[in-house]
>>> print(open('coords-v6.cif').read())   # mmCIF, N, CA and C atoms
data_target
loop_
_atom_site.label_atom_id
_atom_site.label_comp_id
_atom_site.auth_asym_id
_atom_site.auth_seq_id
_atom_site.Cartn_x
_atom_site.Cartn_y
_atom_site.Cartn_z
N MET A 1 36.17 99.53 27.50
CA MET A 1 36.67 98.18 27.32
C MET A 1 37.83 97.87 28.27
N PRO A 2 38.80 98.79 28.46
CA PRO A 2 39.89 98.47 29.39
C PRO A 2 39.39 98.21 30.81
N ASN A 3 38.36 98.91 31.26
CA ASN A 3 37.82 98.66 32.60
C ASN A 3 37.20 97.26 32.69
N ILE A 4 36.55 96.84 31.63
CA ILE A 4 35.95 95.51 31.63
C ILE A 4 37.05 94.45 31.67
N LEU A 5 38.12 94.64 30.90
CA LEU A 5 39.23 93.69 30.91
C LEU A 5 39.90 93.66 32.28
N LYS A 6 39.99 94.82 32.91
CA LYS A 6 40.58 94.88 34.25
C LYS A 6 39.68 94.13 35.24
N GLU A 7 38.37 94.32 35.12
CA GLU A 7 37.44 93.63 36.00
C GLU A 7 37.51 92.12 35.79
N VAL A 8 37.61 91.68 34.55
CA VAL A 8 37.72 90.25 34.26
C VAL A 8 39.02 89.70 34.85
N ALA A 9 40.10 90.46 34.75
CA ALA A 9 41.38 90.03 35.34
C ALA A 9 41.27 89.89 36.86
N ILE A 10 40.57 90.82 37.48
CA ILE A 10 40.37 90.75 38.94
C ILE A 10 39.52 89.52 39.29
N LEU A 11 38.47 89.26 38.51
CA LEU A 11 37.65 88.08 38.75
C LEU A 11 38.48 86.80 38.62
N ARG A 12 39.37 86.77 37.65
CA ARG A 12 40.22 85.60 37.46
C ARG A 12 41.16 85.42 38.64
N GLN A 13 41.75 86.53 39.13
CA GLN A 13 42.66 86.46 40.27
C GLN A 13 41.93 86.00 41.54
N GLU A 14 40.68 86.40 41.69
CA GLU A 14 39.90 86.01 42.86
C GLU A 14 39.35 84.59 42.75
N GLY A 15 39.54 83.96 41.59
CA GLY A 15 39.02 82.61 41.40
C GLY A 15 37.53 82.58 41.10
N LYS A 16 36.98 83.69 40.62
CA LYS A 16 35.55 83.78 40.34
C LYS A 16 35.21 83.42 38.89
N LEU A 17 36.22 83.07 38.09
CA LEU A 17 36.00 82.65 36.70
C LEU A 17 36.41 81.20 36.56
N HIS A 18 35.57 80.43 35.92
CA HIS A 18 35.87 79.03 35.68
C HIS A 18 37.03 78.92 34.69
N THR A 19 37.96 78.01 34.95
CA THR A 19 39.17 77.92 34.12
C THR A 19 38.84 77.53 32.68
N ARG A 20 37.82 76.74 32.48
CA ARG A 20 37.45 76.36 31.11
C ARG A 20 36.98 77.58 30.32
N LEU A 21 36.27 78.49 30.97
CA LEU A 21 35.82 79.72 30.31
C LEU A 21 37.01 80.60 29.98
N ILE A 22 37.95 80.72 30.89
CA ILE A 22 39.16 81.52 30.63
C ILE A 22 39.92 80.94 29.45
N THR A 23 40.08 79.62 29.43
CA THR A 23 40.80 78.97 28.34
C THR A 23 40.10 79.18 27.02
N ARG A 24 38.79 79.08 27.00
CA ARG A 24 38.02 79.27 25.77
C ARG A 24 38.20 80.69 25.22
N VAL A 25 38.11 81.68 26.09
CA VAL A 25 38.25 83.06 25.64
C VAL A 25 39.69 83.33 25.17
N ARG A 26 40.66 82.82 25.89
CA ARG A 26 42.06 83.01 25.47
C ARG A 26 42.32 82.39 24.11
N MET A 27 41.81 81.18 23.90
CA MET A 27 42.02 80.50 22.62
C MET A 27 41.38 81.29 21.48
N LEU A 28 40.21 81.83 21.71
CA LEU A 28 39.57 82.63 20.67
C LEU A 28 40.41 83.86 20.33
N PHE A 29 40.96 84.52 21.35
CA PHE A 29 41.81 85.68 21.08
C PHE A 29 43.09 85.28 20.36
N VAL A 30 43.71 84.16 20.74
CA VAL A 30 44.94 83.70 20.07
C VAL A 30 44.66 83.38 18.61
N ILE A 31 43.58 82.64 18.35
CA ILE A 31 43.22 82.31 16.97
C ILE A 31 42.94 83.57 16.17
N ALA A 32 42.24 84.52 16.78
CA ALA A 32 41.92 85.77 16.09
C ALA A 32 43.19 86.53 15.70
N PHE A 33 44.15 86.59 16.60
CA PHE A 33 45.37 87.34 16.27
C PHE A 33 46.26 86.60 15.28
N ILE A 34 46.21 85.28 15.25
CA ILE A 34 46.91 84.54 14.19
C ILE A 34 46.28 84.85 12.84
N LEU A 35 44.95 84.87 12.80
CA LEU A 35 44.26 85.23 11.56
C LEU A 35 44.53 86.67 11.16
N LEU A 36 44.64 87.56 12.14
CA LEU A 36 44.98 88.95 11.84
C LEU A 36 46.37 89.04 11.20
N ALA A 37 47.31 88.24 11.69
CA ALA A 37 48.64 88.22 11.09
C ALA A 37 48.58 87.72 9.65
N LEU A 38 47.75 86.71 9.39
CA LEU A 38 47.58 86.22 8.02
C LEU A 38 46.96 87.28 7.11
N VAL A 39 45.99 88.00 7.64
CA VAL A 39 45.36 89.08 6.86
C VAL A 39 46.38 90.18 6.57
N ALA A 40 47.15 90.56 7.58
CA ALA A 40 48.16 91.61 7.39
C ALA A 40 49.19 91.18 6.35
N PHE A 41 49.59 89.93 6.39
CA PHE A 41 50.54 89.42 5.40
C PHE A 41 49.95 89.48 3.99
N ASN A 42 48.69 89.06 3.85
CA ASN A 42 48.05 89.09 2.54
C ASN A 42 47.82 90.51 2.04
N VAL A 43 47.53 91.42 2.93
CA VAL A 43 47.39 92.83 2.54
C VAL A 43 48.74 93.37 2.10
N TYR A 44 49.79 92.99 2.81
CA TYR A 44 51.15 93.38 2.43
C TYR A 44 51.51 92.84 1.04
N GLN A 45 51.00 91.65 0.73
CA GLN A 45 51.28 91.03 -0.57
C GLN A 45 50.41 91.61 -1.70
N GLY A 46 49.47 92.48 -1.37
CA GLY A 46 48.72 93.16 -2.42
C GLY A 46 47.21 93.06 -2.35
N ALA A 47 46.65 92.42 -1.34
CA ALA A 47 45.19 92.35 -1.21
C ALA A 47 44.65 93.74 -0.86
N ASN A 48 43.45 94.00 -1.26
CA ASN A 48 42.81 95.29 -1.03
C ASN A 48 42.50 95.45 0.46
N ILE A 49 43.09 96.44 1.08
CA ILE A 49 42.94 96.65 2.52
C ILE A 49 41.52 97.11 2.88
N LEU A 50 40.88 97.88 2.01
CA LEU A 50 39.53 98.37 2.32
C LEU A 50 38.51 97.23 2.35
N ILE A 51 38.63 96.31 1.40
CA ILE A 51 37.71 95.17 1.39
C ILE A 51 37.97 94.29 2.61
N ALA A 52 39.25 94.05 2.92
CA ALA A 52 39.59 93.23 4.10
C ALA A 52 39.07 93.89 5.37
N LEU A 53 39.22 95.19 5.50
CA LEU A 53 38.75 95.91 6.68
C LEU A 53 37.23 95.86 6.78
N ALA A 54 36.55 96.06 5.65
CA ALA A 54 35.09 96.01 5.66
C ALA A 54 34.59 94.63 6.07
N LEU A 55 35.22 93.58 5.55
CA LEU A 55 34.81 92.22 5.92
C LEU A 55 35.13 91.92 7.37
N ALA A 56 36.25 92.43 7.88
CA ALA A 56 36.58 92.22 9.29
C ALA A 56 35.55 92.91 10.19
N ILE A 57 35.10 94.09 9.80
CA ILE A 57 34.09 94.82 10.58
C ILE A 57 32.75 94.07 10.55
N VAL A 58 32.35 93.60 9.37
CA VAL A 58 31.11 92.82 9.26
C VAL A 58 31.22 91.56 10.11
N GLY A 59 32.36 90.89 10.04
CA GLY A 59 32.58 89.69 10.85
C GLY A 59 32.53 90.00 12.33
N PHE A 60 33.14 91.12 12.75
CA PHE A 60 33.13 91.50 14.16
C PHE A 60 31.71 91.72 14.65
N VAL A 61 30.92 92.43 13.88
CA VAL A 61 29.53 92.70 14.27
C VAL A 61 28.75 91.39 14.39
N MET A 62 28.92 90.50 13.41
CA MET A 62 28.23 89.21 13.47
C MET A 62 28.72 88.39 14.67
N GLY A 63 30.02 88.38 14.90
CA GLY A 63 30.57 87.61 16.02
C GLY A 63 30.14 88.16 17.36
N PHE A 64 30.14 89.50 17.49
CA PHE A 64 29.82 90.13 18.76
C PHE A 64 28.34 89.99 19.10
N TYR A 65 27.47 90.28 18.14
CA TYR A 65 26.05 90.31 18.43
C TYR A 65 25.33 88.98 18.24
N VAL A 66 25.87 88.09 17.41
CA VAL A 66 25.16 86.85 17.12
C VAL A 66 25.92 85.64 17.65
N PHE A 67 27.15 85.44 17.18
CA PHE A 67 27.85 84.19 17.44
C PHE A 67 28.46 84.11 18.84
N SER A 68 28.54 85.21 19.56
CA SER A 68 29.05 85.14 20.93
C SER A 68 28.03 84.48 21.87
N ARG A 69 26.82 84.29 21.39
CA ARG A 69 25.79 83.67 22.21
C ARG A 69 25.66 82.17 21.98
N MET A 70 26.65 81.59 21.28
CA MET A 70 26.62 80.13 21.07
C MET A 70 26.65 79.38 22.39
N SER A 71 27.53 79.81 23.26
CA SER A 71 27.58 79.20 24.59
C SER A 71 27.28 80.29 25.61
N ARG A 72 26.27 80.03 26.43
CA ARG A 72 25.85 81.03 27.41
C ARG A 72 26.85 81.11 28.56
N VAL A 73 26.93 82.29 29.13
CA VAL A 73 27.76 82.52 30.31
C VAL A 73 26.81 82.82 31.46
N GLU A 74 27.00 82.11 32.59
CA GLU A 74 26.10 82.33 33.72
C GLU A 74 26.85 82.16 35.04
N TRP A 75 26.21 82.63 36.11
CA TRP A 75 26.78 82.57 37.45
C TRP A 75 26.37 81.25 38.09
N ASN A 76 27.35 80.51 38.61
CA ASN A 76 27.10 79.26 39.32
C ASN A 76 27.05 79.60 40.81
N GLU A 77 25.86 79.52 41.40
CA GLU A 77 25.68 79.89 42.80
C GLU A 77 26.44 78.96 43.75
N GLU A 78 26.48 77.67 43.43
CA GLU A 78 27.12 76.71 44.33
C GLU A 78 28.63 76.94 44.43
N GLU A 79 29.27 77.12 43.29
CA GLU A 79 30.72 77.30 43.28
C GLU A 79 31.13 78.77 43.32
N GLU A 80 30.16 79.67 43.14
CA GLU A 80 30.39 81.11 43.12
C GLU A 80 31.43 81.50 42.07
N VAL A 81 31.21 81.05 40.84
CA VAL A 81 32.07 81.38 39.71
C VAL A 81 31.22 81.69 38.50
N VAL A 82 31.76 82.48 37.60
CA VAL A 82 31.16 82.71 36.30
C VAL A 82 31.68 81.61 35.39
N GLU A 83 30.76 80.89 34.74
CA GLU A 83 31.16 79.76 33.91
C GLU A 83 30.32 79.71 32.64
N ALA A 84 30.83 78.97 31.66
CA ALA A 84 30.07 78.72 30.44
C ALA A 84 29.13 77.57 30.72
N SER A 85 27.86 77.77 30.43
CA SER A 85 26.89 76.71 30.68
C SER A 85 26.81 75.80 29.46
N LYS A 86 26.07 74.73 29.61
CA LYS A 86 25.88 73.80 28.50
C LYS A 86 25.08 74.49 27.41
N MET A 87 25.36 74.07 26.19
CA MET A 87 24.69 74.68 25.06
C MET A 87 23.24 74.21 24.99
N ASP A 88 22.35 75.13 24.69
CA ASP A 88 20.95 74.79 24.53
C ASP A 88 20.60 74.74 23.05
N ARG A 89 19.34 74.63 22.73
CA ARG A 89 18.90 74.56 21.33
C ARG A 89 19.31 75.82 20.56
N PHE A 90 19.23 76.94 21.22
CA PHE A 90 19.60 78.20 20.58
C PHE A 90 21.08 78.17 20.18
N GLY A 91 21.93 77.66 21.05
CA GLY A 91 23.36 77.56 20.75
C GLY A 91 23.63 76.65 19.58
N TYR A 92 22.95 75.51 19.54
CA TYR A 92 23.12 74.60 18.41
C TYR A 92 22.59 75.22 17.12
N GLY A 93 21.51 75.96 17.23
CA GLY A 93 21.00 76.68 16.06
C GLY A 93 22.00 77.71 15.55
N LEU A 94 22.66 78.40 16.49
CA LEU A 94 23.68 79.37 16.09
C LEU A 94 24.89 78.71 15.44
N ILE A 95 25.24 77.51 15.90
CA ILE A 95 26.33 76.79 15.24
C ILE A 95 25.93 76.47 13.79
N GLY A 96 24.70 76.03 13.60
CA GLY A 96 24.22 75.78 12.23
C GLY A 96 24.24 77.04 11.39
N LEU A 97 23.78 78.16 11.96
CA LEU A 97 23.81 79.44 11.26
C LEU A 97 25.24 79.84 10.94
N TYR A 98 26.14 79.62 11.88
CA TYR A 98 27.56 79.94 11.66
C TYR A 98 28.12 79.14 10.48
N ILE A 99 27.82 77.86 10.42
CA ILE A 99 28.32 77.02 9.34
C ILE A 99 27.75 77.49 8.00
N VAL A 100 26.45 77.75 7.95
CA VAL A 100 25.83 78.24 6.72
C VAL A 100 26.44 79.58 6.31
N PHE A 101 26.61 80.49 7.27
CA PHE A 101 27.19 81.80 6.99
C PHE A 101 28.61 81.67 6.47
N GLU A 102 29.40 80.81 7.11
CA GLU A 102 30.80 80.61 6.73
C GLU A 102 30.92 80.03 5.33
N ILE A 103 30.16 78.99 5.05
CA ILE A 103 30.22 78.37 3.72
C ILE A 103 29.72 79.32 2.66
N GLY A 104 28.63 80.03 2.95
CA GLY A 104 28.09 80.99 1.99
C GLY A 104 29.06 82.12 1.71
N ALA A 105 29.67 82.66 2.75
CA ALA A 105 30.62 83.76 2.57
C ALA A 105 31.85 83.29 1.80
N ARG A 106 32.35 82.12 2.15
CA ARG A 106 33.54 81.58 1.48
C ARG A 106 33.24 81.34 0.00
N THR A 107 32.08 80.77 -0.31
CA THR A 107 31.71 80.50 -1.70
C THR A 107 31.53 81.80 -2.47
N LEU A 108 30.84 82.76 -1.86
CA LEU A 108 30.61 84.04 -2.52
C LEU A 108 31.93 84.77 -2.78
N LEU A 109 32.80 84.80 -1.79
CA LEU A 109 34.08 85.49 -1.96
C LEU A 109 34.96 84.79 -2.99
N ALA A 110 34.97 83.47 -2.98
CA ALA A 110 35.79 82.72 -3.95
C ALA A 110 35.25 82.91 -5.37
N ASP A 111 33.93 82.96 -5.52
CA ASP A 111 33.35 83.18 -6.84
C ASP A 111 33.63 84.59 -7.35
N TYR A 112 33.57 85.56 -6.45
CA TYR A 112 33.73 86.96 -6.86
C TYR A 112 35.19 87.36 -7.04
N PHE A 113 36.07 86.91 -6.12
CA PHE A 113 37.46 87.34 -6.16
C PHE A 113 38.42 86.28 -6.72
N GLY A 114 37.96 85.07 -6.88
CA GLY A 114 38.81 84.02 -7.44
C GLY A 114 39.91 83.60 -6.50
N ALA A 115 41.12 83.47 -7.04
CA ALA A 115 42.24 82.93 -6.28
C ALA A 115 42.69 83.84 -5.14
N GLY A 116 42.42 85.12 -5.19
CA GLY A 116 42.86 86.06 -4.16
C GLY A 116 41.89 86.19 -2.99
N ALA A 117 40.91 85.31 -2.92
CA ALA A 117 39.86 85.45 -1.91
C ALA A 117 40.29 85.04 -0.52
N GLU A 118 41.39 84.31 -0.38
CA GLU A 118 41.76 83.81 0.95
C GLU A 118 42.02 84.94 1.94
N ALA A 119 42.57 86.05 1.48
CA ALA A 119 42.80 87.19 2.38
C ALA A 119 41.48 87.71 2.93
N PHE A 120 40.47 87.76 2.10
CA PHE A 120 39.18 88.29 2.51
C PHE A 120 38.43 87.29 3.40
N VAL A 121 38.58 86.00 3.10
CA VAL A 121 37.99 84.97 3.96
C VAL A 121 38.64 85.03 5.34
N PHE A 122 39.98 85.16 5.38
CA PHE A 122 40.67 85.28 6.66
C PHE A 122 40.22 86.52 7.42
N ALA A 123 40.01 87.62 6.71
CA ALA A 123 39.56 88.86 7.36
C ALA A 123 38.18 88.67 7.98
N LEU A 124 37.29 88.01 7.24
CA LEU A 124 35.94 87.77 7.75
C LEU A 124 35.98 86.85 8.97
N ILE A 125 36.74 85.78 8.88
CA ILE A 125 36.83 84.84 10.00
C ILE A 125 37.50 85.51 11.20
N PHE A 126 38.53 86.32 10.96
CA PHE A 126 39.15 87.08 12.06
C PHE A 126 38.11 87.93 12.77
N GLY A 127 37.32 88.66 12.00
CA GLY A 127 36.30 89.52 12.60
C GLY A 127 35.30 88.74 13.42
N ILE A 128 34.86 87.59 12.90
CA ILE A 128 33.87 86.77 13.62
C ILE A 128 34.46 86.26 14.93
N ILE A 129 35.66 85.71 14.87
CA ILE A 129 36.25 85.12 16.08
C ILE A 129 36.60 86.21 17.09
N PHE A 130 37.15 87.33 16.63
CA PHE A 130 37.47 88.43 17.54
C PHE A 130 36.19 89.00 18.15
N GLY A 131 35.15 89.14 17.36
CA GLY A 131 33.87 89.62 17.88
C GLY A 131 33.26 88.65 18.87
N ARG A 132 33.39 87.35 18.59
CA ARG A 132 32.87 86.35 19.52
C ARG A 132 33.61 86.39 20.85
N ALA A 133 34.94 86.51 20.81
CA ALA A 133 35.73 86.58 22.05
C ALA A 133 35.40 87.84 22.83
N THR A 134 35.30 88.97 22.14
CA THR A 134 34.95 90.22 22.80
C THR A 134 33.55 90.16 23.38
N GLY A 135 32.63 89.56 22.65
CA GLY A 135 31.27 89.39 23.15
C GLY A 135 31.21 88.52 24.39
N MET A 136 32.06 87.50 24.44
CA MET A 136 32.09 86.65 25.64
C MET A 136 32.64 87.42 26.84
N VAL A 137 33.62 88.28 26.62
CA VAL A 137 34.14 89.10 27.72
C VAL A 137 33.05 90.04 28.23
N PHE A 138 32.28 90.63 27.32
CA PHE A 138 31.18 91.50 27.74
C PHE A 138 30.09 90.69 28.44
N GLU A 139 29.85 89.45 28.01
CA GLU A 139 28.88 88.59 28.69
C GLU A 139 29.34 88.28 30.11
N ILE A 140 30.62 88.00 30.29
CA ILE A 140 31.16 87.76 31.63
C ILE A 140 30.90 88.98 32.51
N HIS A 141 31.18 90.15 31.97
CA HIS A 141 30.96 91.40 32.69
C HIS A 141 29.48 91.56 33.04
N ARG A 142 28.60 91.31 32.08
CA ARG A 142 27.17 91.47 32.28
C ARG A 142 26.65 90.51 33.34
N VAL A 143 27.05 89.24 33.25
CA VAL A 143 26.58 88.25 34.21
C VAL A 143 27.05 88.61 35.61
N PHE A 144 28.28 89.01 35.76
CA PHE A 144 28.78 89.36 37.08
C PHE A 144 28.04 90.58 37.64
N LYS A 145 27.80 91.59 36.81
CA LYS A 145 27.10 92.79 37.27
C LYS A 145 25.65 92.50 37.65
N THR A 146 24.97 91.64 36.90
CA THR A 146 23.56 91.36 37.23
C THR A 146 23.42 90.50 38.48
N THR A 147 24.40 89.67 38.77
CA THR A 147 24.30 88.82 39.96
C THR A 147 24.90 89.47 41.20
N HIS A 148 25.69 90.50 41.01
CA HIS A 148 26.31 91.21 42.13
C HIS A 148 26.03 92.71 41.99
N LYS A 149 24.85 93.10 42.38
CA LYS A 149 24.42 94.49 42.23
C LYS A 149 25.32 95.46 42.99
N GLU A 150 25.89 95.01 44.09
CA GLU A 150 26.72 95.93 44.90
C GLU A 150 28.10 96.11 44.31
N ALA A 151 28.53 95.25 43.40
CA ALA A 151 29.89 95.33 42.84
C ALA A 151 30.00 96.41 41.81
#
>>> encode(input="coords-v6.cif", output="structure tokens")
Amino acid sequence: MPNILKEVAILRQEGKLHTRLITRVRMLFVIAFILLALVAFNVYQGANILIALALAIVGFVMGFYVFSRMSRVEWNEEEEVVEASKMDRFGYGLIGLYIVFEIGARTLLADYFGAGAEAFVFALIFGIIFGRATGMVFEIHRVFKTTHKEA
């Protein structure tokens, strides 16, 4: 992972990453770490750390493998940059799946845990957003490697 982050930083310095894509990934990481702080605070206040960790892991897996594909990342030959492309039907379908998953998880957690469910909802959302941001970084790496075999 550190090599991929280093490669992405080099691509950014060379101007090979579209600024909108950089901003999107940064915002996802910032939101994820704010949610992580909320989860840590709730765990400090007495929420079960094992349940929060399990939900964060489930969220990460869902975010990395499923929800990171909401917006495709591709190489723009004309501008020679890696950029986020327009969303297709698959992306819109994933947004619908994300909404259904989010509402279902929130309802299930609130029904099962009652008033203390917000820590677990935050943990799940943290995992999803962090997984989505990490998945986008891996997509940037993959797109660059497939279009530049010599790199």
>>> resolve_selection(input="coords-v6.cif", expression="the PyMOL selection byres (((chain A and resi 43 and name CA) around 12) and name CA)", output="PyMOL selection string")
chain A and resi 36-42+44-53+116-120+122-123
>>> resolve_selection(input="coords-v6.cif", expression="the PyMOL selection byres ((chain A and resi 82) around 6.5)", output="list in words")
Lys16, Leu17, His18, Val73, Glu74, Trp75, Asn76, Glu80, Val81, Glu83 and Ala84 of chain A
>>> atom_distance(input="coords-v6.cif", atom1="atom CA of Val8 of chain A", atom2="atom C of His141 of chain A")
8.4 Å
>>> atom_distance(input="coords-v6.cif", atom1="atom CA of Leu21 of chain A", atom2="atom CA of Gly91 of chain A")
15.9 Å
>>> resolve_selection(input="coords-v6.cif", expression="the PyMOL selection byres (((chain A and resi 98 and name CA) around 12) and name CA)", output="ChimeraX atom specification")
/A:59,62-63,66-70,91-97,99-106,125,128-129,132
>>> write_last_selection(input="coords-v6.cif", atoms="N, CA and C atoms", output="PDB file, in the frame of the given file")
ATOM      1  N   GLY A  59      32.360  90.890  10.040  1.00  0.00           N
ATOM      2  CA  GLY A  59      32.580  89.690  10.850  1.00  0.00           C
ATOM      3  C   GLY A  59      32.530  90.000  12.330  1.00  0.00           C
ATOM      4  N   MET A  62      28.920  90.500  13.410  1.00  0.00           N
ATOM      5  CA  MET A  62      28.230  89.210  13.470  1.00  0.00           C
ATOM      6  C   MET A  62      28.720  88.390  14.670  1.00  0.00           C
ATOM      7  N   GLY A  63      30.020  88.380  14.900  1.00  0.00           N
ATOM      8  CA  GLY A  63      30.570  87.610  16.020  1.00  0.00           C
ATOM      9  C   GLY A  63      30.140  88.160  17.360  1.00  0.00           C
ATOM     10  N   VAL A  66      25.870  88.090  17.410  1.00  0.00           N
ATOM     11  CA  VAL A  66      25.160  86.850  17.120  1.00  0.00           C
ATOM     12  C   VAL A  66      25.920  85.640  17.650  1.00  0.00           C
ATOM     13  N   PHE A  67      27.150  85.440  17.180  1.00  0.00           N
ATOM     14  CA  PHE A  67      27.850  84.190  17.440  1.00  0.00           C
ATOM     15  C   PHE A  67      28.460  84.110  18.840  1.00  0.00           C
ATOM     16  N   SER A  68      28.540  85.210  19.560  1.00  0.00           N
ATOM     17  CA  SER A  68      29.050  85.140  20.930  1.00  0.00           C
ATOM     18  C   SER A  68      28.030  84.480  21.870  1.00  0.00           C
ATOM     19  N   ARG A  69      26.820  84.290  21.390  1.00  0.00           N
ATOM     20  CA  ARG A  69      25.790  83.670  22.210  1.00  0.00           C
ATOM     21  C   ARG A  69      25.660  82.170  21.980  1.00  0.00           C
ATOM     22  N   MET A  70      26.650  81.590  21.280  1.00  0.00           N
ATOM     23  CA  MET A  70      26.620  80.130  21.070  1.00  0.00           C
ATOM     24  C   MET A  70      26.650  79.380  22.390  1.00  0.00           C
ATOM     25  N   GLY A  91      21.930  77.660  21.050  1.00  0.00           N
ATOM     26  CA  GLY A  91      23.360  77.560  20.750  1.00  0.00           C
ATOM     27  C   GLY A  91      23.630  76.650  19.580  1.00  0.00           C
ATOM     28  N   TYR A  92      22.950  75.510  19.540  1.00  0.00           N
ATOM     29  CA  TYR A  92      23.120  74.600  18.410  1.00  0.00           C
ATOM     30  C   TYR A  92      22.590  75.220  17.120  1.00  0.00           C
ATOM     31  N   GLY A  93      21.510  75.960  17.230  1.00  0.00           N
ATOM     32  CA  GLY A  93      21.000  76.680  16.060  1.00  0.00           C
ATOM     33  C   GLY A  93      22.000  77.710  15.550  1.00  0.00           C
ATOM     34  N   LEU A  94      22.660  78.400  16.490  1.00  0.00           N
ATOM     35  CA  LEU A  94      23.680  79.370  16.090  1.00  0.00           C
ATOM     36  C   LEU A  94      24.890  78.710  15.440  1.00  0.00           C
ATOM     37  N   ILE A  95      25.240  77.510  15.900  1.00  0.00           N
ATOM     38  CA  ILE A  95      26.330  76.790  15.240  1.00  0.00           C
ATOM     39  C   ILE A  95      25.930  76.470  13.790  1.00  0.00           C
ATOM     40  N   GLY A  96      24.700  76.030  13.600  1.00  0.00           N
ATOM     41  CA  GLY A  96      24.220  75.780  12.230  1.00  0.00           C
ATOM     42  C   GLY A  96      24.240  77.040  11.390  1.00  0.00           C
ATOM     43  N   LEU A  97      23.780  78.160  11.960  1.00  0.00           N
ATOM     44  CA  LEU A  97      23.810  79.440  11.260  1.00  0.00           C
ATOM     45  C   LEU A  97      25.240  79.840  10.940  1.00  0.00           C
ATOM     46  N   ILE A  99      27.820  77.860  10.420  1.00  0.00           N
ATOM     47  CA  ILE A  99      28.320  77.020   9.340  1.00  0.00           C
ATOM     48  C   ILE A  99      27.750  77.490   8.000  1.00  0.00           C
ATOM     49  N   VAL A 100      26.450  77.750   7.950  1.00  0.00           N
ATOM     50  CA  VAL A 100      25.830  78.240   6.720  1.00  0.00           C
ATOM     51  C   VAL A 100      26.440  79.580   6.310  1.00  0.00           C
ATOM     52  N   PHE A 101      26.610  80.490   7.270  1.00  0.00           N
ATOM     53  CA  PHE A 101      27.190  81.800   6.990  1.00  0.00           C
ATOM     54  C   PHE A 101      28.610  81.670   6.470  1.00  0.00           C
ATOM     55  N   GLU A 102      29.400  80.810   7.110  1.00  0.00           N
ATOM     56  CA  GLU A 102      30.800  80.610   6.730  1.00  0.00           C
ATOM     57  C   GLU A 102      30.920  80.030   5.330  1.00  0.00           C
ATOM     58  N   ILE A 103      30.160  78.990   5.050  1.00  0.00           N
ATOM     59  CA  ILE A 103      30.220  78.370   3.720  1.00  0.00           C
ATOM     60  C   ILE A 103      29.720  79.320   2.660  1.00  0.00           C
ATOM     61  N   GLY A 104      28.630  80.030   2.950  1.00  0.00           N
ATOM     62  CA  GLY A 104      28.090  80.990   1.990  1.00  0.00           C
ATOM     63  C   GLY A 104      29.060  82.120   1.710  1.00  0.00           C
ATOM     64  N   ALA A 105      29.670  82.660   2.750  1.00  0.00           N
ATOM     65  CA  ALA A 105      30.620  83.760   2.570  1.00  0.00           C
ATOM     66  C   ALA A 105      31.850  83.290   1.800  1.00  0.00           C
ATOM     67  N   ARG A 106      32.350  82.120   2.150  1.00  0.00           N
ATOM     68  CA  ARG A 106      33.540  81.580   1.480  1.00  0.00           C
ATOM     69  C   ARG A 106      33.240  81.340   0.000  1.00  0.00           C
ATOM     70  N   ILE A 125      36.740  85.780   8.880  1.00  0.00           N
ATOM     71  CA  ILE A 125      36.830  84.840  10.000  1.00  0.00           C
ATOM     72  C   ILE A 125      37.500  85.510  11.200  1.00  0.00           C
ATOM     73  N   ILE A 128      34.860  87.590  12.900  1.00  0.00           N
ATOM     74  CA  ILE A 128      33.870  86.770  13.620  1.00  0.00           C
ATOM     75  C   ILE A 128      34.460  86.260  14.930  1.00  0.00           C
ATOM     76  N   ILE A 129      35.660  85.710  14.870  1.00  0.00           N
ATOM     77  CA  ILE A 129      36.250  85.120  16.080  1.00  0.00           C
ATOM     78  C   ILE A 129      36.600  86.210  17.090  1.00  0.00           C
ATOM     79  N   ARG A 132      33.390  87.350  18.590  1.00  0.00           N
ATOM     80  CA  ARG A 132      32.870  86.350  19.520  1.00  0.00           C
ATOM     81  C   ARG A 132      33.610  86.390  20.850  1.00  0.00           C
TER      82      ARG A 132
END
>>> atom_distance(input="coords-v6.cif", atom1="atom C of Phe144 of chain A", atom2="atom N of Gly127 of chain A")
27.3 Å
>>> axis_aligned_box(input="coords-v6.cif", around="segment 120-139 of chain A", padding_each_side="3 Å", output="lines of an AutoDock Vina configuration file")
center_x = 34.8
center_y = 88.2
center_z = 16.1
size_x = 17.8
size_y = 12.7
size_z = 34.0
